[in-house]
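S.K.: One structure follows; several queries about it will come next.
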Amino acid sequence: MSNIENSPEPPSRGDNDSVVSRRLKLAVSAVVVVMLVAIGWVVATSPSSGPTTSTSTSQSPQYPAGVVDAAESSGLGPLSATSVPGYVESYVNDFTGGSLPAGWSTFSGKPGGDPTGQFSPTHVVVSNGLLHLNAWKDPQFGNRWVTGGLCLCGKPQTYGAFFVRSRQTGSGPNEVELLWPEDNSWPPEIDFNESSGKSFETAATVHWTVANHQIQSFKTTDLSQWHTWGVIWTPQAIDYTLDGHVWASDTVASSIPELPMTIDIEQRTICDPLTQCPARPTSLLVDWVQSFSPTTSGG
């Protein structure tokens with residue numbers, strides 16, 4: 001999320017296909033963010049946490065980005081089940097069917113703190129081997145911009161390695177892949193790929209405390225190309241990966257969540273004012289989602 005942000009609201013659950021109003025409309029304290037700028041990335045830390053986050057730009061990938069597969073839309077299939085040392089595969093889905101797989105729930109209603117935004121389950125589609133989150137002006141909502149969002153709410157876990165292979169077809173809406181508390185007791189929140197309406201830069205952020213303390217890192221990359229985004233969450237650290245490379249890390253002990261969380265994927269628009277608003281219909285495309293559980297309680 002942005003450096004200063006409204007608190008999310010927990011979903012009001014109806015049937016298995018809908019999660020209503022994802023974020024809670026609470027005002028939060030502003031967080032003054034100190035930014036450390038380097039080539040291609042920035043790290044931002046709230047004053048209370050101290051500058052204890054680190055970033056890695058090593059040349060060799062620490063994790064696989066996927067398995068080469070010409071049949072895959074993105075050119076890479078999911079990682080092998082044993083490819084992450086110290087972890088065992090806990091979930092994988094390649095979206096090969098024509099509907100959402102079991103365990104996924106879509107969002108509906110207005111995102112909290114975003115009165116011009118709107119989620120609708122009709123903006124989440126599975127087709128041609130891809131999960132599509134589609135932003136377009138919907139006549140069913142007064143021809144306003146409407147977006148898609150969903151969660152793997154049926155598969156929570158505490159600690160692990162999580163990977164999403166995705167790309168965007170255009171800038172405009174904020175598109176984010178994140179970990180969210182299973183019981184909706186926000187905070188914490190771990191965003192491991194958030195566009196903030198851009199096509200050339202992503203952010204990774206951990207949110208914690210009711211004052212919404214944040215540790216945030218930025219990475220310049222082409223979001224219109226296929227990438228494997230990942231987060232490795234242990235009791236000691238949160239590592240963010242891009243195509244197998246760890247590009248940023250959070251080692252602030254107080255910021256690291258200790259409760260079950262789920263994978264969420266969503267689009268959000270802010271069209272009044274025009275800060276995160278599409279100029280044309282656009283989609284977030286997801287080829288596959290995969291998670292791994294630690295083989296020991298220590299992660």
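We label chains A, B, ... in the order they appear in the structure tokens, count residues from 1 in each chain, and number ligands from 1 in the order shown.
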List every residue of region 90-253 of chain A that DSSP, applied to the backbone of this structure, places in helix (DSSP H, G or I), and write the result as a list in words.

M.R.: Pro121, Thr122, His123, Pro139, Gln140, Phe141 and Ala253 of chain A

S.K.: From a backbone DSSP assignment, name each residue in region 140-264 of chain A labelled strand (DSSP E or B), as a ChimeraX atom specification.

M.R.: /A:144-147,149-151,157,160-168,174-181,189-194,201-208,213-220,227-233,238-242,245-250,261-264

S.K.: What is the distance between CA of Glu201 (chain A) and CA of Val176 (chain A), in Å to one decimal?

M.R.: 12.0 Å

S.K.: Choose the residue, out of A:Ala279, A:Cys151, A:Ala204, A:Val286, that has the smallest atom-to-atom separation from Trp247 (chain A); count only C-alpha atoms.

M.R.: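 With only C-alpha atoms as the atom set, the closest residue is A:Ala204.
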
S.K.: Using only C-alpha atoms, pick whichever of A:Val289, A:Ile263, A:Val246, A:Ala135 has the shortest atom-to-atom distance to Phe163 (chain A).

M.R.: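 Selected residue with least distance to Phe163 (chain A): A:Val289.
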
S.K.: Which value, in Å to one decimal, gives the distance between CA of Asn143 (chain A) and CA of Thr202 (chain A)?

M.R.: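 Separation between CA of Asn143 (chain A) and CA of Thr202 (chain A): 28.7 Å.
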
S.K.: My list of candidates is A:Gly160, A:Pro187, A:Pro278, A:Pro257. Which is closest to Thr296 (chain A) when distances are computed with only C-alpha atoms?

M.R.: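 The answer is A:Gly160, which sits nearest to Thr296 (chain A).
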
S.K.: Compare A:Pro188, A:Gly129, A:Gly172, A:Gly149 by their minimum atom-to-atom distance to Asp94 (chain A), counting only C-alpha atoms, and give me the closest one.

M.R.: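 Comparing A:Pro188, A:Gly129, A:Gly172, A:Gly149 against Asp94 (chain A), the winner is A:Gly129.
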
S.K.: Which is closer to His227 (chain A) than all the others in A:Thr158, A:Asn134, A:Ser195, A:Thr241, using only C-alpha atoms?

M.R.: A:Thr241

S.K.: For the atom pair CA of Cys153 (chain A) and CA of Thr262 (chain A), what is the interatomic distance in Å to one decimal place?

M.R.: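 So the answer is 5.7 Å.
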
S.K.: Point out the residue among A:Gly103, A:Gly77, A:Gly148, A:Pro61 with the least atom-to-atom distance to Tyr91 (chain A), counting only C-alpha atoms.

M.R.: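 Closest candidate: A:Gly103.
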